[in-house]
>>> print(open('entry-v1.tsv').read())   # TSV, C-alpha atoms and all ligand atoms
chain	number	residue	atom	x	y	z
A	1	MET	CA	0.00	0.00	0.00
A	2	GLY	CA	1.13	3.55	-0.58
A	3	ASN	CA	-1.40	6.14	0.51
A	4	VAL	CA	-0.06	9.52	1.48
A	5	ASP	CA	-2.28	11.92	3.41
A	6	LEU	CA	-1.28	15.49	4.05
A	7	ILE	CA	-3.37	17.42	6.53
A	8	GLN	CA	-2.82	21.17	6.79
A	9	VAL	CA	0.93	20.76	6.31
A	10	SER	CA	2.95	23.97	6.67
A	11	LYS	CA	6.61	24.91	6.63
A	12	ARG	CA	7.96	28.19	7.90
A	13	TYR	CA	11.50	29.46	7.57
A	14	GLY	CA	11.48	32.31	10.10
A	15	ALA	CA	8.63	34.57	9.05
A	16	MET	CA	8.49	33.12	5.53
A	17	GLU	CA	5.85	30.49	4.90
A	18	ALA	CA	7.32	28.18	2.23
A	19	VAL	CA	4.37	25.78	2.38
A	20	ALA	CA	1.00	27.00	3.64
A	21	ALA	CA	-1.52	24.52	5.07
A	22	VAL	CA	-1.47	21.98	2.25
A	23	SER	CA	-4.05	19.21	2.48
A	24	LEU	CA	-3.94	16.42	-0.06
A	25	ALA	CA	-4.97	12.77	-0.16
A	26	ILE	CA	-2.83	10.69	-2.51
A	27	ALA	CA	-4.22	7.25	-3.27
A	28	ASP	CA	-2.29	4.01	-3.54
A	29	HIS	CA	-0.81	3.58	-7.07
A	30	GLU	CA	-1.41	7.22	-7.92
A	31	PHE	CA	1.10	9.35	-9.84
A	32	VAL	CA	0.75	12.89	-8.51
A	33	VAL	CA	2.77	15.80	-9.87
A	34	LEU	CA	3.53	18.90	-7.81
A	35	LEU	CA	3.83	21.68	-10.36
A	36	GLY	CA	4.71	25.33	-10.03
A	37	PRO	CA	7.37	27.95	-10.65
A	38	SER	CA	10.70	27.93	-8.86
A	39	GLY	CA	10.35	28.77	-5.18
A	40	CYS	CA	6.67	27.82	-4.84
A	41	GLY	CA	7.40	25.19	-2.16
A	42	LYS	CA	7.24	21.95	-4.17
A	43	SER	CA	10.60	20.56	-3.04
A	44	THR	CA	9.98	21.58	0.54
A	45	LEU	CA	6.68	19.69	0.52
A	46	LEU	CA	8.34	16.62	-1.01
A	47	LYS	CA	11.17	16.74	1.54
A	48	MET	CA	8.64	16.92	4.36
A	49	ILE	CA	7.01	13.73	3.03
A	50	ALA	CA	10.48	12.15	2.81
A	51	GLY	CA	11.31	13.25	6.35
A	52	LEU	CA	14.30	15.31	5.20
A	53	GLU	CA	12.69	18.54	6.34
A	54	GLU	CA	10.87	19.12	9.61
A	55	ILE	CA	7.19	20.05	9.50
A	56	SER	CA	6.18	23.33	11.16
A	57	ASP	CA	2.49	22.43	11.36
A	58	GLY	CA	0.13	19.71	10.26
A	59	GLU	CA	0.23	15.95	9.89
A	60	ILE	CA	1.61	13.54	7.31
A	61	TYR	CA	0.36	9.97	7.13
A	62	ILE	CA	1.87	7.20	5.04
A	63	ASP	CA	-0.37	4.15	4.86
A	64	GLY	CA	-2.42	5.49	7.71
A	65	THR	CA	0.55	5.89	10.04
A	66	LEU	CA	1.45	9.34	11.34
A	67	VAL	CA	5.07	9.83	10.25
A	68	ASN	CA	5.78	13.35	11.55
A	69	TYR	CA	8.36	11.94	13.93
A	70	VAL	CA	9.43	8.87	11.95
A	71	ARG	CA	12.98	8.92	10.57
A	72	PRO	CA	13.38	9.06	6.77
A	73	ALA	CA	14.80	5.54	6.53
A	74	GLU	CA	11.76	4.15	8.31
A	75	ARG	CA	9.09	5.86	6.22
A	76	ASN	CA	9.16	3.25	3.45
A	77	VAL	CA	9.72	5.91	0.79
A	78	ALA	CA	12.53	6.26	-1.76
A	79	MET	CA	13.64	9.59	-3.11
A	80	VAL	CA	15.13	10.31	-6.54
A	81	PHE	CA	16.86	13.65	-6.93
A	82	GLN	CA	17.81	15.83	-9.84
A	83	ASN	CA	21.48	15.25	-8.99
A	84	TYR	CA	21.70	11.49	-9.09
A	85	ALA	CA	24.62	11.33	-6.66
A	86	LEU	CA	26.02	7.90	-7.48
A	87	TYR	CA	29.09	6.53	-5.73
A	88	PRO	CA	31.82	7.00	-8.36
A	89	HIS	CA	34.07	4.20	-7.16
A	90	MET	CA	31.27	1.60	-7.10
A	91	THR	CA	29.93	-0.41	-10.01
A	92	VAL	CA	26.35	-0.02	-11.18
A	93	TYR	CA	25.54	-3.26	-9.37
A	94	ASP	CA	26.96	-2.00	-6.08
A	95	ASN	CA	25.29	1.39	-6.46
A	96	ILE	CA	21.90	-0.26	-6.89
A	97	ALA	CA	22.58	-2.78	-4.13
A	98	PHE	CA	23.77	-0.11	-1.69
A	99	PRO	CA	20.46	0.63	0.11
A	100	LEU	CA	19.90	-3.09	0.64
A	101	LYS	CA	23.40	-3.58	1.99
A	102	MET	CA	22.83	-0.74	4.44
A	103	THR	CA	19.69	-2.38	5.79
A	104	GLY	CA	21.29	-5.82	6.07
A	105	VAL	CA	19.32	-7.62	3.39
A	106	PRO	CA	20.93	-11.06	2.82
A	107	LYS	CA	23.16	-11.41	-0.26
A	108	PRO	CA	21.05	-13.86	-2.28
A	109	GLU	CA	17.96	-11.68	-1.88
A	110	THR	CA	19.97	-8.56	-2.72
A	111	HIS	CA	21.21	-10.25	-5.87
A	112	GLU	CA	17.70	-11.16	-6.94
A	113	ARG	CA	16.34	-7.67	-6.27
A	114	VAL	CA	19.21	-5.91	-8.04
A	115	GLN	CA	18.75	-8.15	-11.07
A	116	ARG	CA	15.02	-7.42	-11.09
A	117	ALA	CA	15.53	-3.64	-10.82
A	118	ALA	CA	18.25	-3.70	-13.49
A	119	LYS	CA	16.00	-5.68	-15.82
A	120	SER	CA	13.09	-3.28	-15.44
A	121	LEU	CA	15.40	-0.38	-16.35
A	122	GLY	CA	17.33	-2.10	-19.13
A	123	LEU	CA	20.58	-1.97	-17.15
A	124	GLU	CA	21.42	-5.71	-17.15
A	125	THR	CA	24.42	-5.33	-19.44
A	126	LEU	CA	25.85	-2.34	-17.58
A	127	LEU	CA	26.06	-3.78	-14.07
A	128	ASP	CA	29.87	-4.03	-14.06
A	129	ARG	CA	30.48	-0.46	-15.19
A	130	ARG	CA	31.29	2.49	-13.01
A	131	PRO	CA	29.22	5.73	-13.25
A	132	GLU	CA	31.91	7.52	-15.28
A	133	GLN	CA	31.46	4.89	-18.00
A	134	LEU	CA	27.76	5.74	-18.39
A	135	SER	CA	25.81	8.43	-20.22
A	136	GLY	CA	23.72	10.95	-18.27
A	137	GLY	CA	20.53	9.04	-19.04
A	138	GLN	CA	22.03	5.75	-17.94
A	139	ARG	CA	23.23	7.33	-14.69
A	140	GLN	CA	19.76	8.60	-13.96
A	141	ARG	CA	18.43	5.09	-14.59
A	142	VAL	CA	20.91	3.74	-12.04
A	143	ALA	CA	19.66	6.34	-9.55
A	144	LEU	CA	16.13	5.13	-10.27
A	145	GLY	CA	17.33	1.55	-9.82
A	146	ARG	CA	18.61	2.44	-6.39
A	147	ALA	CA	15.14	3.70	-5.50
A	148	ILE	CA	13.28	0.77	-7.10
A	149	VAL	CA	15.38	-1.89	-5.43
A	150	ARG	CA	14.08	-0.84	-2.04
A	151	GLU	CA	10.57	-1.68	-3.19
A	152	PRO	CA	9.17	1.26	-1.22
A	153	ALA	CA	5.54	2.16	-0.71
A	154	VAL	CA	6.10	5.56	-2.29
A	155	PHE	CA	8.55	7.09	-4.77
A	156	LEU	CA	9.38	10.75	-4.21
A	157	MET	CA	10.98	12.34	-7.26
A	158	ASP	CA	12.42	15.84	-7.33
A	159	GLU	CA	12.91	17.05	-10.91
A	160	PRO	CA	14.62	13.76	-11.84
A	161	LEU	CA	14.83	14.58	-15.55
A	162	SER	CA	16.01	18.16	-15.47
A	163	ASN	CA	19.71	17.33	-15.94
A	164	LEU	CA	19.02	15.40	-19.13
A	165	ASP	CA	19.04	16.91	-22.60
A	166	ALA	CA	15.71	17.44	-24.35
A	167	GLN	CA	15.60	14.19	-26.32
A	168	LEU	CA	16.70	12.05	-23.41
A	169	ARG	CA	14.21	13.79	-21.17
A	170	VAL	CA	11.35	12.72	-23.38
A	171	GLN	CA	12.70	9.17	-23.60
A	172	THR	CA	13.26	8.85	-19.84
A	173	ARG	CA	9.82	10.34	-19.20
A	174	GLU	CA	8.29	7.53	-21.24
A	175	GLU	CA	10.41	4.98	-19.40
A	176	LEU	CA	9.23	6.34	-16.06
A	177	LEU	CA	5.63	6.02	-17.19
A	178	ARG	CA	6.15	2.43	-18.33
A	179	LEU	CA	7.87	1.70	-15.06
A	180	HIS	CA	4.97	3.14	-13.12
A	181	ALA	CA	2.50	1.13	-15.19
A	182	ARG	CA	4.43	-2.01	-14.27
A	183	LEU	CA	5.30	-1.39	-10.62
A	184	GLN	CA	2.22	0.70	-9.78
A	185	THR	CA	4.14	2.33	-6.95
A	186	THR	CA	2.58	5.52	-5.63
A	187	THR	CA	4.67	8.41	-6.93
A	188	VAL	CA	4.91	12.07	-5.95
A	189	TYR	CA	6.82	13.90	-8.64
A	190	VAL	CA	8.04	17.50	-8.47
A	191	THR	CA	8.56	19.57	-11.59
A	192	HIS	CA	8.32	23.12	-12.90
A	193	ASP	CA	7.82	21.73	-16.40
A	194	GLN	CA	4.17	21.82	-17.41
A	195	ILE	CA	4.67	19.32	-20.22
A	196	GLU	CA	6.05	16.77	-17.76
A	197	ALA	CA	3.12	17.43	-15.48
A	198	LEU	CA	0.51	17.16	-18.23
A	199	THR	CA	1.99	13.99	-19.71
A	200	MET	CA	2.82	12.12	-16.51
A	201	GLY	CA	0.40	12.98	-13.76
A	202	HIS	CA	-2.82	11.17	-12.94
A	203	ARG	CA	-3.43	14.36	-11.02
A	204	ILE	CA	-1.48	17.56	-10.85
A	205	VAL	CA	-1.22	19.91	-7.91
A	206	VAL	CA	-0.49	23.45	-9.04
A	207	MET	CA	1.27	25.52	-6.39
A	208	ARG	CA	2.15	29.17	-6.02
A	209	GLY	CA	3.84	30.86	-3.07
A	210	GLY	CA	3.39	27.76	-0.91
A	211	VAL	CA	-0.35	27.63	-1.57
A	212	VAL	CA	-2.16	24.96	-3.59
A	213	GLN	CA	-4.00	26.65	-6.45
A	214	GLN	CA	-5.74	23.66	-8.02
A	215	VAL	CA	-5.73	19.87	-7.88
A	216	GLY	CA	-7.09	17.64	-10.62
A	217	PRO	CA	-6.48	15.47	-13.66
A	218	PRO	CA	-4.20	17.39	-16.07
A	219	GLN	CA	-6.76	17.82	-18.82
A	220	ASP	CA	-9.40	19.06	-16.38
A	221	VAL	CA	-7.01	21.63	-14.95
A	222	TYR	CA	-6.00	22.71	-18.45
A	223	ASP	CA	-9.60	22.91	-19.63
A	224	GLU	CA	-10.99	24.69	-16.57
A	225	PRO	CA	-8.21	26.51	-14.71
A	226	ALA	CA	-9.17	27.70	-11.23
A	227	ASN	CA	-7.65	31.14	-11.65
A	228	THR	CA	-5.59	33.35	-13.94
A	229	PHE	CA	-2.34	32.03	-12.46
A	230	VAL	CA	-3.13	28.41	-13.36
A	231	ALA	CA	-4.50	29.47	-16.74
A	232	ALA	CA	-1.26	31.27	-17.56
A	233	PHE	CA	1.07	28.63	-16.09
A	234	LEU	CA	-0.35	25.75	-18.11
A	235	GLY	CA	-0.23	25.93	-21.87
A	236	SER	CA	2.33	26.93	-24.45
A	237	PRO	CA	2.07	29.37	-26.07
A	238	ARG	CA	0.55	31.13	-23.10
A	239	ILE	CA	-3.21	31.72	-22.90
A	240	ASN	CA	-4.46	35.10	-24.16
A	241	LEU	CA	-5.51	36.81	-20.97
A	242	HIS	CA	-6.89	40.32	-21.04
A	243	GLU	CA	-8.33	42.53	-18.37
A	244	GLY	CA	-11.43	44.46	-19.27
A	245	LEU	CA	-14.86	45.57	-18.13
A	246	LEU	CA	-18.18	43.74	-18.24
A	247	ASP	CA	-20.99	45.69	-19.86
A	248	ARG	CA	-24.22	44.14	-18.61
A	249	SER	CA	-26.49	47.02	-19.58
A	250	GLY	CA	-28.00	45.44	-22.70
A	251	ALA	CA	-29.61	42.17	-23.71
A	252	THR	CA	-26.18	40.64	-24.28
A	253	VAL	CA	-23.17	40.92	-22.01
A	254	ASN	CA	-20.10	42.45	-23.63
A	255	PHE	CA	-16.53	42.13	-22.48
A	256	CYS	CA	-14.93	45.48	-23.24
A	257	ILE	CA	-11.23	46.09	-23.80
A	258	GLY	CA	-11.21	49.84	-24.40
A	259	ASP	CA	-13.60	50.35	-27.29
A	260	LEU	CA	-13.32	46.73	-28.42
A	261	GLU	CA	-16.58	45.01	-27.45
A	262	ILE	CA	-16.62	41.22	-27.37
A	263	PRO	CA	-20.14	39.75	-27.02
A	264	LEU	CA	-20.06	36.85	-24.59
A	265	PRO	CA	-21.88	33.57	-25.28
A	266	ASP	CA	-24.73	32.57	-22.93
A	267	ARG	CA	-22.54	30.41	-20.68
A	268	LEU	CA	-20.16	33.29	-19.86
A	269	ALA	CA	-22.92	35.94	-19.88
A	270	HIS	CA	-24.75	33.91	-17.25
A	271	LEU	CA	-21.63	33.84	-15.06
A	272	ALA	CA	-21.10	37.57	-15.54
A	273	ARG	CA	-24.66	38.32	-14.40
A	274	GLN	CA	-24.36	36.47	-11.09
A	275	ALA	CA	-24.86	38.56	-8.00
A	276	GLY	CA	-21.75	40.21	-6.60
A	277	ILE	CA	-19.63	39.96	-9.73
A	278	ALA	CA	-17.58	43.14	-10.21
A	279	GLU	CA	-17.39	45.05	-13.45
A	280	GLU	CA	-13.65	44.38	-13.70
A	281	ALA	CA	-12.91	40.96	-15.12
A	282	ALA	CA	-10.46	39.07	-17.30
A	283	LEU	CA	-11.12	37.02	-20.39
A	284	GLY	CA	-8.89	34.04	-21.16
A	285	ILE	CA	-8.77	32.25	-24.47
A	286	ARG	CA	-6.08	29.82	-25.51
A	287	PRO	CA	-4.07	30.22	-28.73
A	288	GLU	CA	-5.55	26.99	-30.15
A	289	ASP	CA	-9.00	28.52	-29.69
A	290	THR	CA	-7.90	31.67	-31.48
A	291	ALA	CA	-7.91	31.37	-35.27
A	292	VAL	CA	-6.28	33.54	-37.92
A	293	HIS	CA	-8.62	34.76	-40.66
A	294	LEU	CA	-7.02	36.32	-43.68
A	295	LYS	CA	-10.19	38.30	-44.29
A	296	THR	CA	-10.69	40.60	-41.35
A	297	ASP	CA	-14.44	40.40	-40.95
A	298	HIS	CA	-15.43	36.97	-42.09
A	299	ASP	CA	-16.09	33.84	-40.11
A	300	GLN	CA	-18.26	30.88	-41.00
A	301	SER	CA	-17.85	29.00	-37.74
A	302	GLY	CA	-19.77	31.40	-35.54
A	303	ARG	CA	-16.67	32.82	-33.91
A	304	VAL	CA	-16.39	36.45	-32.94
A	305	VAL	CA	-13.85	38.05	-35.25
A	306	VAL	CA	-11.64	40.83	-33.95
A	307	PRO	CA	-9.61	42.93	-36.39
A	308	ALA	CA	-5.88	42.84	-35.59
A	309	THR	CA	-2.45	43.44	-37.07
A	310	VAL	CA	0.19	40.73	-37.26
A	311	ALA	CA	3.22	41.56	-35.10
A	312	LEU	CA	5.24	38.36	-35.17
A	313	VAL	CA	5.13	35.02	-36.95
A	314	GLU	CA	6.82	32.00	-35.38
A	315	PRO	CA	6.85	28.79	-37.42
A	316	VAL	CA	7.37	25.69	-35.24
A	317	GLY	CA	7.12	23.15	-38.03
A	318	SER	CA	3.76	21.60	-37.26
A	319	ASP	CA	2.08	24.95	-36.52
A	320	LEU	CA	2.48	28.65	-36.90
A	321	TYR	CA	2.24	30.87	-33.86
A	322	VAL	CA	0.95	34.26	-34.90
A	323	SER	CA	1.14	37.23	-32.52
A	324	ALA	CA	-1.20	40.04	-33.43
A	325	THR	CA	-2.22	43.27	-31.74
A	326	THR	CA	-5.55	44.96	-31.38
A	327	ASN	CA	-6.21	48.03	-29.23
A	328	GLY	CA	-2.63	47.82	-28.02
A	329	ARG	CA	-3.20	44.32	-26.66
A	330	SER	CA	-1.25	41.34	-27.86
A	331	TRP	CA	-2.87	38.01	-28.80
A	332	THR	CA	-1.37	34.73	-29.92
A	333	ALA	CA	-3.12	32.41	-32.35
A	334	ARG	CA	-2.09	28.91	-33.31
A	335	ALA	CA	-2.50	28.73	-37.06
A	336	ALA	CA	-1.82	26.10	-39.69
A	337	ALA	CA	1.79	25.72	-40.79
A	338	ARG	CA	2.63	27.64	-43.95
A	339	LEU	CA	-0.32	30.06	-43.66
A	340	PRO	CA	0.78	33.11	-45.66
A	341	VAL	CA	0.94	35.85	-43.03
A	342	THR	CA	3.64	38.45	-42.46
A	343	PRO	CA	4.20	41.18	-39.86
A	344	GLY	CA	2.15	44.31	-40.54
A	345	GLN	CA	-0.63	42.38	-42.28
A	346	PRO	CA	-4.23	43.06	-41.16
A	347	ILE	CA	-6.03	39.86	-40.15
A	348	GLY	CA	-9.09	38.79	-38.21
A	349	LEU	CA	-8.69	36.90	-34.94
A	350	GLY	CA	-11.49	34.35	-34.72
A	351	LEU	CA	-12.25	33.82	-31.04
A	352	ASP	CA	-13.94	30.56	-30.10
A	353	LEU	CA	-15.69	32.02	-27.08
A	354	GLN	CA	-17.36	28.71	-26.28
A	355	ARG	CA	-13.93	27.68	-25.04
A	356	ALA	CA	-13.06	30.97	-23.33
A	357	HIS	CA	-12.80	31.57	-19.59
A	358	LEU	CA	-14.07	34.48	-17.56
A	359	PHE	CA	-12.18	35.43	-14.41
A	360	GLY	CA	-13.47	37.74	-11.71
A	361	ALA	CA	-11.71	40.79	-10.29
A	362	ASP	CA	-9.90	38.51	-7.80
A	363	GLY	CA	-8.60	36.32	-10.65
A	364	ARG	CA	-10.83	33.34	-9.88
A	365	ASN	CA	-12.54	31.45	-12.68
A	366	LEU	CA	-16.21	32.44	-12.42
A	367	ALA	CA	-17.26	28.98	-13.66
A	368	LEU	CA	-15.72	27.39	-10.57
A	369	THR	CA	-16.83	29.85	-7.91
A	370	GLY	CA	-20.10	30.20	-6.10
A	401	LIG	P1	10.55	24.91	-5.26
A	401	LIG	O1	10.92	23.49	-5.03
A	401	LIG	O2	9.12	25.08	-5.65
A	401	LIG	O3	11.48	25.62	-6.22
A	401	LIG	P2	11.36	25.25	-2.53
A	401	LIG	O4	10.48	24.29	-1.83
A	401	LIG	O5	12.77	24.82	-2.78
A	401	LIG	O6	10.68	25.70	-3.89
A	401	LIG	O7	11.42	26.62	-1.72
A	401	LIG	C1	10.26	27.28	-1.29
A	401	LIG	C2	10.65	28.56	-0.60
A	401	LIG	O8	11.32	28.27	0.61
A	401	LIG	C3	11.59	29.42	-1.41
A	401	LIG	O9	11.24	30.76	-1.23
A	401	LIG	C4	12.94	29.12	-0.82
A	401	LIG	O10	13.81	30.21	-0.98
A	401	LIG	C5	12.60	28.88	0.63
A	401	LIG	N1	13.54	27.95	1.28
A	401	LIG	C6	13.80	26.68	0.92
A	401	LIG	N2	14.67	26.09	1.75
A	401	LIG	C7	15.01	27.04	2.67
A	401	LIG	C8	15.88	27.07	3.82
A	401	LIG	N3	16.58	25.99	4.19
A	401	LIG	N4	15.93	28.21	4.52
A	401	LIG	C9	15.20	29.30	4.19
A	401	LIG	N5	14.36	29.33	3.11
A	401	LIG	C10	14.26	28.23	2.38
>>> encode(input="entry-v1.tsv", output="structure tokens", more="lines below")
Ligand code: ADP
Amino acid sequence: MGNVDLIQVSKRYGAMEAVAAVSLAIADHEFVVLLGPSGCGKSTLLKMIAGLEEISDGEIYIDGTLVNYVRPAERNVAMVFQNYALYPHMTVYDNIAFPLKMTGVPKPETHERVQRAAKSLGLETLLDRRPEQLSGGQRQRVALGRAIVREPAVFLMDEPLSNLDAQLRVQTREELLRLHARLQTTTVYVTHDQIEALTMGHRIVVMRGGVVQQVGPPQDVYDEPANTFVAAFLGSPRINLHEGLLDRSGATVNFCIGDLEIPLPDRLAHLARQAGIAEEAALGIRPEDTAVHLKTDHDQSGRVVVPATVALVEPVGSDLYVSATTNGRSWTARAAARLPVTPGQPIGLGLDLQRAHLFGADGRNLALTG
């Protein structure tokens, strides 16, 4: 079993609250990703679960047992760090076997477990080598092997891929997922990389300034972000997010950016008309929901078309990212590769408002409040 329960867990360094009253129930077999910008408290939270950092407040349970005062070695967790500190003078075999040797596991059993871990990571043929004779990716696999061999209830991983180059990162990410599918070991994984979070997590926990912003399956969080921070943190290119004013005086509700009036569809208009909603709001619409129309006023798909001027064109092979300005505001649209647009050209931005988000004056998604 590998449940992890966090109840109002906090960490203070002097007056600074690095982690603020985080509550989270992680189920057995789950792969949970802690995601957020540098300094948001992800590593601190992970280290508190590992027992490497004292808890200022709150309770941590692993498999139903309160572990606040249990030493790291006795928590039945294994941690994998970004810097896979392997012992340079030991072979791969001895590096992987090390945690078992330290806990006095008999040699025959150690041998069997090392072989099993090596096999699941494709390291069987490298067991006699020393770390210096391995590539970066292979070294990280050895570090994983050292965690796997302990057969812990929970893996705790702190940015384990960030020292690898881009191609290897993708490959090792896939290996980690296959490994998790096979071993089913509960995993808490820290990253600042939204792609890692979206591709790996059963659930992601988005953090900011020590505070949990949103918890949920990656696609749900992407599709319905709890606030403007989450909306902007997930997604590349970044979501188009513009502050403006709600005009609720007529039969339709308009979102106004200066003199640009964007009529809101019923779903958003309904949210805007709720009691207590301020006039100030923000509209969010992702680049993939923003189309480029070469004719400035024409749309057959029922989108609202906003006239704009192309500022920048970025081809990324499969797509074309087009930045365009209207009323001094910048928007990004994801267009088809090879669309003939150049800077200075007038275009229409086709906004699929059915997929847009409306945030209140406090930044919260109005669809998720109330
Ligand atoms: P993340 O992993 O999200 O980058 P951390 O958990 O490492 O963030 O840090 C969270 C906050 O706590 C940061 O502001 C960091 O500077 C601070 N912090 C971390 N460790 C210490 C420490 N030992 N002493 C004082 N402040 C710390």
>>> closest_atom_pairs(input="entry-v1.tsv", of="chain A", to="ligand LIG 401 (chain A)", cutoff="7 Å", atoms="all atoms listed in the file", output="Markdown table")
| residue | atom | partner | partner_atom | distance |
| --- | --- | --- | --- | --- |
| A:Tyr13 | CA | A:LIG401 | C9 | 5.0 |
| A:Ala18 | CA | A:LIG401 | O8 | 4.3 |
| A:Gly36 | CA | A:LIG401 | O2 | 6.2 |
| A:Pro37 | CA | A:LIG401 | O2 | 6.0 |
| A:Ser38 | CA | A:LIG401 | O3 | 3.6 |
| A:Gly39 | CA | A:LIG401 | O6 | 3.3 |
| A:Cys40 | CA | A:LIG401 | O2 | 3.8 |
| A:Gly41 | CA | A:LIG401 | O4 | 3.2 |
| A:Lys42 | CA | A:LIG401 | O2 | 3.9 |
| A:Ser43 | CA | A:LIG401 | O1 | 3.6 |
| A:Thr44 | CA | A:LIG401 | O4 | 3.6 |
| A:Leu45 | CA | A:LIG401 | O4 | 6.4 |
| A:Gly210 | CA | A:LIG401 | C1 | 6.9 |
>>> residues_around(input="entry-v1.tsv", residues="region 333-344 of chain A", least_positions_apart="6", cutoff="6 Å", atoms="all atoms listed in the file", output="list of chain:residue names")
A:Pro287, A:Glu288, A:Thr290, A:Ala291, A:Thr309, A:Val310, A:Ala311, A:Leu312, A:Ser318, A:Asp319, A:Leu320, A:Tyr321, A:Val322
>>> write_last_selection(input="entry-v1.tsv", atoms="C-alpha atoms", output="mmCIF file, in the coordinates of the input")
data_model
loop_
_atom_site.group_PDB
_atom_site.id
_atom_site.type_symbol
_atom_site.label_atom_id
_atom_site.label_comp_id
_atom_site.auth_asym_id
_atom_site.auth_seq_id
_atom_site.Cartn_x
_atom_site.Cartn_y
_atom_site.Cartn_z
ATOM 1 C CA PRO A 287 -4.070 30.220 -28.730
ATOM 2 C CA GLU A 288 -5.550 26.990 -30.150
ATOM 3 C CA THR A 290 -7.900 31.670 -31.480
ATOM 4 C CA ALA A 291 -7.910 31.370 -35.270
ATOM 5 C CA THR A 309 -2.450 43.440 -37.070
ATOM 6 C CA VAL A 310 0.190 40.730 -37.260
ATOM 7 C CA ALA A 311 3.220 41.560 -35.100
ATOM 8 C CA LEU A 312 5.240 38.360 -35.170
ATOM 9 C CA SER A 318 3.760 21.600 -37.260
ATOM 10 C CA ASP A 319 2.080 24.950 -36.520
ATOM 11 C CA LEU A 320 2.480 28.650 -36.900
ATOM 12 C CA TYR A 321 2.240 30.870 -33.860
ATOM 13 C CA VAL A 322 0.950 34.260 -34.900
#
>>> residues_near_point(input="entry-v1.tsv", point="(25.4, -2.8, -16.1)", cutoff="9 Å", atoms="all atoms listed in the file", output="ChimeraX atom specification")
/A:91-93,118,122-130,142
>>> write_last_selection(input="entry-v1.tsv", atoms="C-alpha atoms", output="CSV table (one decimal), in the frame of the given file")
chain,number,residue,atom,x,y,z
A,91,THR,CA,29.9,-0.4,-10.0
A,92,VAL,CA,26.4,0.0,-11.2
A,93,TYR,CA,25.5,-3.3,-9.4
A,118,ALA,CA,18.2,-3.7,-13.5
A,122,GLY,CA,17.3,-2.1,-19.1
A,123,LEU,CA,20.6,-2.0,-17.2
A,124,GLU,CA,21.4,-5.7,-17.2
A,125,THR,CA,24.4,-5.3,-19.4
A,126,LEU,CA,25.8,-2.3,-17.6
A,127,LEU,CA,26.1,-3.8,-14.1
A,128,ASP,CA,29.9,-4.0,-14.1
A,129,ARG,CA,30.5,-0.5,-15.2
A,130,ARG,CA,31.3,2.5,-13.0
A,142,VAL,CA,20.9,3.7,-12.0
>>> residues_around(input="entry-v1.tsv", residues="Thr325 (chain A)", least_positions_apart="4", cutoff="6 Å", atoms="only C-alpha atoms", output="PyMOL selection string")
chain A and resi 308-309+329-330
>>> atom_distance(input="entry-v1.tsv", atom1="CA of Gly136 (chain A)", atom2="CA of Leu176 (chain A)")
15.4 Å
>>> residues_around(input="entry-v1.tsv", residues="Ala117 (chain A)", least_positions_apart="3", cutoff="12 Å", atoms="all atoms listed in the file", output="ChimeraX atom specification")
/A:92-93,95-97,110-114,120-124,127,141-151,179,182-183
>>> closest_residue(input="entry-v1.tsv", among="A:Pro265, A:Gly14, A:Pro160, A:Gly360", to="Asp193 (chain A)", atoms="only C-alpha atoms")
A:Pro160
>>> residues_around(input="entry-v1.tsv", residues="Lys47 (chain A)", least_positions_apart="3", cutoff="10 Å", atoms="only C-alpha atoms", output="list in words")
Gly41, Lys42, Ser43, Thr44, Ala50, Gly51, Leu52, Glu53, Glu54, Ile55, Pro72, Met79, Leu156, Met157 and Asp158 of chain A
>>> write_last_selection(input="entry-v1.tsv", atoms="C-alpha atoms", output="PDB file, keeping the file's coordinate frame")
ATOM      1  CA  GLY A  41       7.400  25.190  -2.160  1.00  0.00           C
ATOM      2  CA  LYS A  42       7.240  21.950  -4.170  1.00  0.00           C
ATOM      3  CA  SER A  43      10.600  20.560  -3.040  1.00  0.00           C
ATOM      4  CA  THR A  44       9.980  21.580   0.540  1.00  0.00           C
ATOM      5  CA  ALA A  50      10.480  12.150   2.810  1.00  0.00           C
ATOM      6  CA  GLY A  51      11.310  13.250   6.350  1.00  0.00           C
ATOM      7  CA  LEU A  52      14.300  15.310   5.200  1.00  0.00           C
ATOM      8  CA  GLU A  53      12.690  18.540   6.340  1.00  0.00           C
ATOM      9  CA  GLU A  54      10.870  19.120   9.610  1.00  0.00           C
ATOM     10  CA  ILE A  55       7.190  20.050   9.500  1.00  0.00           C
ATOM     11  CA  PRO A  72      13.380   9.060   6.770  1.00  0.00           C
ATOM     12  CA  MET A  79      13.640   9.590  -3.110  1.00  0.00           C
ATOM     13  CA  LEU A 156       9.380  10.750  -4.210  1.00  0.00           C
ATOM     14  CA  MET A 157      10.980  12.340  -7.260  1.00  0.00           C
ATOM     15  CA  ASP A 158      12.420  15.840  -7.330  1.00  0.00           C
TER      16      ASP A 158
END
>>> atom_distance(input="entry-v1.tsv", atom1="CA of Thr172 (chain A)", atom2="CA of Tyr222 (chain A)")
23.8 Å
>>> closest_residue(input="entry-v1.tsv", among="A:Asp94, A:Tyr69, A:Glu175, A:Gly348", to="Gln115 (chain A)", atoms="all atoms listed in the file")
A:Asp94
>>> atom_distance(input="entry-v1.tsv", atom1="CA of Val80 (chain A)", atom2="CA of Val67 (chain A)")
19.6 Å
>>> residues_around(input="entry-v1.tsv", residues="region 301-304 of chain A", least_positions_apart="2", cutoff="12 Å", atoms="all atoms listed in the file", output="ChimeraX atom specification")
/A:254-255,260-265,289-293,296-299,306-307,348-356
>>> closest_residue(input="entry-v1.tsv", among="A:Thr332, A:Thr369, A:Asn83, A:Thr326", to="Ala275 (chain A)", atoms="only C-alpha atoms")
A:Thr369
